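See below for protein.cif, which holds mmCIF, C-alpha atoms.
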data_query
#
loop_
_atom_site.group_PDB
_atom_site.id
_atom_site.type_symbol
_atom_site.label_atom_id
_atom_site.label_comp_id
_atom_site.auth_asym_id
_atom_site.auth_seq_id
_atom_site.Cartn_x
_atom_site.Cartn_y
_atom_site.Cartn_z
ATOM 1 C CA MET A 9 8.445 -19.412 16.535
ATOM 2 C CA SER A 10 10.796 -19.985 19.454
ATOM 3 C CA ALA A 11 11.976 -17.531 22.091
ATOM 4 C CA ALA A 12 15.435 -17.626 20.487
ATOM 5 C CA ALA A 13 13.971 -16.522 17.161
ATOM 6 C CA ASP A 14 12.078 -13.699 18.891
ATOM 7 C CA ALA A 15 15.325 -12.560 20.561
ATOM 8 C CA PHE A 16 17.164 -12.670 17.237
ATOM 9 C CA MET A 17 14.435 -10.570 15.589
ATOM 10 C CA GLY A 18 14.653 -8.121 18.501
ATOM 11 C CA ILE A 19 18.308 -7.412 17.675
ATOM 12 C CA PHE A 20 17.115 -5.883 14.406
ATOM 13 C CA GLY A 21 14.174 -4.059 15.994
ATOM 14 C CA LEU A 22 11.642 -6.482 14.550
ATOM 15 C CA LYS A 23 8.572 -7.899 16.254
ATOM 16 C CA ARG A 24 6.549 -10.915 15.296
ATOM 17 C CA LEU A 25 3.696 -10.059 12.994
ATOM 18 C CA GLY A 26 0.216 -10.975 14.034
ATOM 19 C CA THR A 27 -2.602 -12.246 11.948
ATOM 20 C CA VAL A 28 -4.043 -10.717 8.814
ATOM 21 C CA VAL A 29 -6.966 -8.638 10.020
ATOM 22 C CA ALA A 30 -8.519 -7.756 6.658
ATOM 23 C CA THR A 31 -7.861 -8.061 2.930
ATOM 24 C CA TYR A 32 -9.314 -5.808 0.235
ATOM 25 C CA TRP A 33 -9.187 -5.953 -3.546
ATOM 26 C CA LEU A 34 -9.023 -2.640 -5.407
ATOM 27 C CA PRO A 35 -9.962 -2.842 -9.107
ATOM 28 C CA ILE A 36 -7.348 -0.321 -10.213
ATOM 29 C CA LYS A 37 -4.159 -0.384 -12.264
ATOM 30 C CA LEU A 38 -1.151 0.683 -10.232
ATOM 31 C CA GLU A 39 1.243 2.276 -12.679
ATOM 32 C CA SER A 40 4.260 4.426 -12.007
ATOM 33 C CA THR A 41 3.794 8.073 -12.850
ATOM 34 C CA ALA A 42 7.455 8.913 -12.180
ATOM 35 C CA ASN A 43 8.389 8.990 -15.859
ATOM 36 C CA ALA A 44 4.936 9.743 -17.269
ATOM 37 C CA ARG A 45 4.631 12.901 -19.323
ATOM 38 C CA TRP A 46 0.969 13.492 -18.600
ATOM 39 C CA HIS A 47 -0.893 16.781 -18.619
ATOM 40 C CA TRP A 48 -1.369 18.057 -15.063
ATOM 41 C CA ARG A 49 -5.137 17.593 -15.309
ATOM 42 C CA LYS A 50 -4.748 13.918 -16.246
ATOM 43 C CA LYS A 51 -2.288 13.376 -13.363
ATOM 44 C CA ALA A 52 -4.700 15.010 -10.919
ATOM 45 C CA ALA A 53 -7.655 12.922 -12.151
ATOM 46 C CA HIS A 54 -5.582 9.734 -11.895
ATOM 47 C CA ALA A 55 -4.541 10.546 -8.311
ATOM 48 C CA ARG A 56 -8.090 11.496 -7.289
ATOM 49 C CA GLN A 57 -9.597 8.307 -8.764
ATOM 50 C CA GLN A 58 -7.108 6.000 -7.011
ATOM 51 C CA ARG A 59 -7.369 7.790 -3.676
ATOM 52 C CA GLN A 60 -11.180 7.789 -3.752
ATOM 53 C CA THR A 61 -11.311 4.091 -4.685
ATOM 54 C CA ALA A 62 -9.080 3.244 -1.717
ATOM 55 C CA ARG A 63 -11.238 5.396 0.582
ATOM 56 C CA LEU A 64 -14.450 3.715 -0.557
ATOM 57 C CA ILE A 65 -13.264 0.116 -0.211
ATOM 58 C CA ALA A 66 -10.858 0.136 2.764
ATOM 59 C CA MET A 67 -12.217 0.004 6.302
ATOM 60 C CA PRO A 68 -10.707 1.332 9.541
ATOM 61 C CA VAL A 69 -8.979 -1.136 11.878
ATOM 62 C CA GLU A 70 -7.394 -1.057 15.301
ATOM 63 C CA LEU A 71 -3.907 0.447 15.302
ATOM 64 C CA PRO A 72 -0.954 -0.258 15.150
ATOM 65 C CA VAL A 73 -1.089 -2.109 11.858
ATOM 66 C CA LEU A 74 1.109 -3.056 8.927
ATOM 67 C CA VAL A 75 -0.471 -2.273 5.582
ATOM 68 C CA LEU A 76 0.786 -4.442 2.733
ATOM 69 C CA ILE A 77 -0.094 -3.062 -0.712
ATOM 70 C CA THR A 78 0.362 -5.700 -3.420
ATOM 71 C CA ARG A 79 0.338 -4.696 -7.081
ATOM 72 C CA VAL A 80 -0.926 -7.352 -9.488
ATOM 73 C CA GLY A 81 0.007 -7.030 -13.163
ATOM 74 C CA PRO A 82 1.473 -8.847 -16.148
ATOM 75 C CA ARG A 83 4.978 -7.480 -15.568
ATOM 76 C CA LYS A 84 6.829 -6.314 -12.487
ATOM 77 C CA LEU A 85 8.032 -2.810 -11.645
ATOM 78 C CA ASP A 86 11.324 -2.029 -9.955
ATOM 79 C CA SER A 87 11.131 -1.187 -6.245
ATOM 80 C CA ASP A 88 11.150 2.612 -6.487
ATOM 81 C CA ASN A 89 8.448 2.656 -9.179
ATOM 82 C CA LEU A 90 6.421 0.139 -7.137
ATOM 83 C CA ALA A 91 6.293 2.528 -4.177
ATOM 84 C CA ILE A 92 5.445 5.482 -6.439
ATOM 85 C CA SER A 93 2.629 3.534 -8.121
ATOM 86 C CA ALA A 94 0.985 2.864 -4.740
ATOM 87 C CA LYS A 95 1.237 6.437 -3.399
ATOM 88 C CA HIS A 96 -2.379 7.461 -3.951
ATOM 89 C CA VAL A 97 -3.721 4.171 -2.579
ATOM 90 C CA ARG A 98 -1.554 4.706 0.506
ATOM 91 C CA ASP A 99 -2.931 8.237 0.924
ATOM 92 C CA GLY A 100 -6.526 6.976 0.656
ATOM 93 C CA ILE A 101 -5.956 4.247 3.238
ATOM 94 C CA ALA A 102 -4.289 6.753 5.582
ATOM 95 C CA ASP A 103 -7.411 8.937 5.231
ATOM 96 C CA VAL A 104 -9.633 6.002 6.239
ATOM 97 C CA LEU A 105 -7.421 5.113 9.207
ATOM 98 C CA GLY A 106 -7.294 8.761 10.276
ATOM 99 C CA VAL A 107 -3.490 8.895 10.410
ATOM 100 C CA ASP A 108 -0.635 10.717 8.730
ATOM 101 C CA ASP A 109 0.931 8.230 6.333
ATOM 102 C CA GLY A 110 4.386 9.238 7.546
ATOM 103 C CA ASP A 111 3.692 8.322 11.195
ATOM 104 C CA GLU A 112 5.269 4.878 11.552
ATOM 105 C CA THR A 113 4.264 4.524 15.212
ATOM 106 C CA LYS A 114 0.671 3.803 14.131
ATOM 107 C CA VAL A 115 0.957 2.433 10.601
ATOM 108 C CA ARG A 116 3.829 0.761 8.782
ATOM 109 C CA TRP A 117 3.711 0.348 5.024
ATOM 110 C CA ASP A 118 5.122 -2.365 2.812
ATOM 111 C CA TYR A 119 4.825 -3.121 -0.889
ATOM 112 C CA ALA A 120 4.826 -6.313 -2.911
ATOM 113 C CA GLN A 121 3.887 -7.402 -6.398
ATOM 114 C CA GLU A 122 2.593 -10.515 -8.105
ATOM 115 C CA LYS A 123 2.276 -11.496 -11.722
ATOM 116 C CA GLY A 124 -1.249 -11.842 -13.042
ATOM 117 C CA LYS A 125 -3.175 -11.660 -16.297
ATOM 118 C CA GLY A 126 -4.964 -8.444 -15.430
ATOM 119 C CA TYR A 127 -4.308 -5.454 -13.201
ATOM 120 C CA GLY A 128 -5.394 -4.915 -9.631
ATOM 121 C CA CYS A 129 -4.284 -4.078 -6.124
ATOM 122 C CA ARG A 130 -4.639 -6.141 -2.947
ATOM 123 C CA VAL A 131 -4.420 -4.469 0.447
ATOM 124 C CA ASP A 132 -3.733 -6.555 3.565
ATOM 125 C CA TYR A 133 -3.927 -5.240 7.111
ATOM 126 C CA VAL A 134 -1.654 -7.204 9.463
ATOM 127 C CA ARG A 135 -1.845 -6.661 13.218
ATOM 128 C CA VAL A 136 1.537 -5.865 14.783
ATOM 129 C CA ALA A 137 2.665 -5.705 18.381
ATOM 130 C CA PRO A 138 2.617 -2.142 19.776
#
Serialized structure, C-alpha cells:
Amino acid sequence: MSAAADAFMGIFGLKRLGTVVATYWLPIKLESTANARWHWRKKAAHARQQRQTARLIAMPVELPVLVLITRVGPRKLDSDNLAISAKHVRDGIADVLGVDDGDETKVRWDYAQEKGKGYGCRVDYVRVAP
C-alpha cells in the first residue's frame, strides 16, 4: 500500500492492519438468542457453554489486536443478530485476553459470516498498529 493510501485511511481514523497472528476454530453453533423464547436455565447453559469453549480454545496474544469472529452456517443472519450470536464467544475471548470487551484501545471486534454445510465459528487475531 502506498503512502497516499495510508494518508487517505488516516482521514477516517483507520490504520493499516497487520498480519493474522492466530486463527482458531470453535465447534459451536452461533445462533441469535434475540428472539428466542427459551427458559432462563437453557439460556444460561447456552451462554456458559459458548463462553467456556472460547476460553478453552483461544490463546492470549500481544495487544492491541483486532478480533474477527466469523460465523459459519448454511444461511446468513442479519448484522444485528450476527453480533448478538457472537456475544458469549466475545466474552470468553475477552476473559482469555484479560481485557474488558468494551475497551477498544486494546481490542477491537469485528464480525463476519460465511456459508457452509455445517455450523462453526472461526476466530482470527489480527495485529493492529497501536
Write out as a PDB file with C-alpha atoms, in the frame of the given file which residues come within 8 Å of Pro35 of chain A when counting only C-alpha atoms, dropping same-chain ones fewer than 6 positions away.
ATOM      1  CA  TYR A 127      -4.308  -5.454 -13.201  1.00  0.00           C
ATOM      2  CA  GLY A 128      -5.394  -4.915  -9.631  1.00  0.00           C
ATOM      3  CA  CYS A 129      -4.284  -4.078  -6.124  1.00  0.00           C
TER       4      CYS A 129
END
Any chance you could work out the residue set of the PyMOL selection byres ((chain A and resi 120) around 8) here, as JSON, numbers by chain?
{"A": [76, 77, 78, 79, 90, 118, 119, 121, 122]}
Check the smallest atom-to-atom distance from each of A:Thr27, A:Trp117, A:Gly110, A:Thr41 to Leu74 of chain A using all atoms listed in the file, then report the winner.
A:Trp117
Point (4.3, 2.9, -7.9) neighbourhood (12 Å, only C-alpha atoms) written as a PyMOL selection string:
chain A and resi 37-44+55+58+77-80+84-98+118-121+129
Just write the chosen residues, C-alpha atoms, as an mmCIF file, in the coordinates of the input.
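Okay, result33.cif is ready:
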data_model
loop_
_atom_site.group_PDB
_atom_site.id
_atom_site.type_symbol
_atom_site.label_atom_id
_atom_site.label_comp_id
_atom_site.auth_asym_id
_atom_site.auth_seq_id
_atom_site.Cartn_x
_atom_site.Cartn_y
_atom_site.Cartn_z
ATOM 1 C CA LYS A 37 -4.159 -0.384 -12.264
ATOM 2 C CA LEU A 38 -1.151 0.683 -10.232
ATOM 3 C CA GLU A 39 1.243 2.276 -12.679
ATOM 4 C CA SER A 40 4.260 4.426 -12.007
ATOM 5 C CA THR A 41 3.794 8.073 -12.850
ATOM 6 C CA ALA A 42 7.455 8.913 -12.180
ATOM 7 C CA ASN A 43 8.389 8.990 -15.859
ATOM 8 C CA ALA A 44 4.936 9.743 -17.269
ATOM 9 C CA ALA A 55 -4.541 10.546 -8.311
ATOM 10 C CA GLN A 58 -7.108 6.000 -7.011
ATOM 11 C CA ILE A 77 -0.094 -3.062 -0.712
ATOM 12 C CA THR A 78 0.362 -5.700 -3.420
ATOM 13 C CA ARG A 79 0.338 -4.696 -7.081
ATOM 14 C CA VAL A 80 -0.926 -7.352 -9.488
ATOM 15 C CA LYS A 84 6.829 -6.314 -12.487
ATOM 16 C CA LEU A 85 8.032 -2.810 -11.645
ATOM 17 C CA ASP A 86 11.324 -2.029 -9.955
ATOM 18 C CA SER A 87 11.131 -1.187 -6.245
ATOM 19 C CA ASP A 88 11.150 2.612 -6.487
ATOM 20 C CA ASN A 89 8.448 2.656 -9.179
ATOM 21 C CA LEU A 90 6.421 0.139 -7.137
ATOM 22 C CA ALA A 91 6.293 2.528 -4.177
ATOM 23 C CA ILE A 92 5.445 5.482 -6.439
ATOM 24 C CA SER A 93 2.629 3.534 -8.121
ATOM 25 C CA ALA A 94 0.985 2.864 -4.740
ATOM 26 C CA LYS A 95 1.237 6.437 -3.399
ATOM 27 C CA HIS A 96 -2.379 7.461 -3.951
ATOM 28 C CA VAL A 97 -3.721 4.171 -2.579
ATOM 29 C CA ARG A 98 -1.554 4.706 0.506
ATOM 30 C CA ASP A 118 5.122 -2.365 2.812
ATOM 31 C CA TYR A 119 4.825 -3.121 -0.889
ATOM 32 C CA ALA A 120 4.826 -6.313 -2.911
ATOM 33 C CA GLN A 121 3.887 -7.402 -6.398
ATOM 34 C CA CYS A 129 -4.284 -4.078 -6.124
#
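One finds atom CA of Pro138 of chain A at 8.2 Å from atom CA of Thr113 of chain A.
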What does the distance between atom CA of Thr31 of chain A and atom CA of Ala53 of chain A come to in Å, to one decimal place?
25.8 Å
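Between atom CA of His54 of chain A and atom CA of Val73 of chain A lies a distance of 26.9 Å.
Closest to Arg135 of chain A among A:Val104, A:Ala52, A:Val69, A:Ile36 is A:Val69, based on all atoms listed in the file.
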Sphere at (-8.3, 4.2, 10.5), radius 9 Å, counting all atoms listed in the file: residues as a PDB file with C-alpha atoms, in the frame of the given file:
ATOM      1  CA  MET A  67     -12.217   0.004   6.302  1.00  0.00           C
ATOM      2  CA  PRO A  68     -10.707   1.332   9.541  1.00  0.00           C
ATOM      3  CA  VAL A  69      -8.979  -1.136  11.878  1.00  0.00           C
ATOM      4  CA  GLU A  70      -7.394  -1.057  15.301  1.00  0.00           C
ATOM      5  CA  LEU A  71      -3.907   0.447  15.302  1.00  0.00           C
ATOM      6  CA  ILE A 101      -5.956   4.247   3.238  1.00  0.00           C
ATOM      7  CA  ALA A 102      -4.289   6.753   5.582  1.00  0.00           C
ATOM      8  CA  ASP A 103      -7.411   8.937   5.231  1.00  0.00           C
ATOM      9  CA  VAL A 104      -9.633   6.002   6.239  1.00  0.00           C
ATOM     10  CA  LEU A 105      -7.421   5.113   9.207  1.00  0.00           C
ATOM     11  CA  GLY A 106      -7.294   8.761  10.276  1.00  0.00           C
ATOM     12  CA  VAL A 107      -3.490   8.895  10.410  1.00  0.00           C
TER      13      VAL A 107
END
Skip Leu64 of chain A itself and residues of its chain fewer than 4 positions away, then list as a PyMOL selection string all residues within 9 Å of it, counting all atoms listed in the file.
chain A and resi 59-60+100+104
Hey, could you pull the box centre and edge lengths for segment 109-124 of chain A, axis-aligned, 3 Å padding per side, all listed atoms, to one decimal in Å, as AutoDock Vina command-line options?
--center_x 2.0 --center_y -1.3 --center_z 1.1 --size_x 12.5 --size_y 27.1 --size_z 34.3
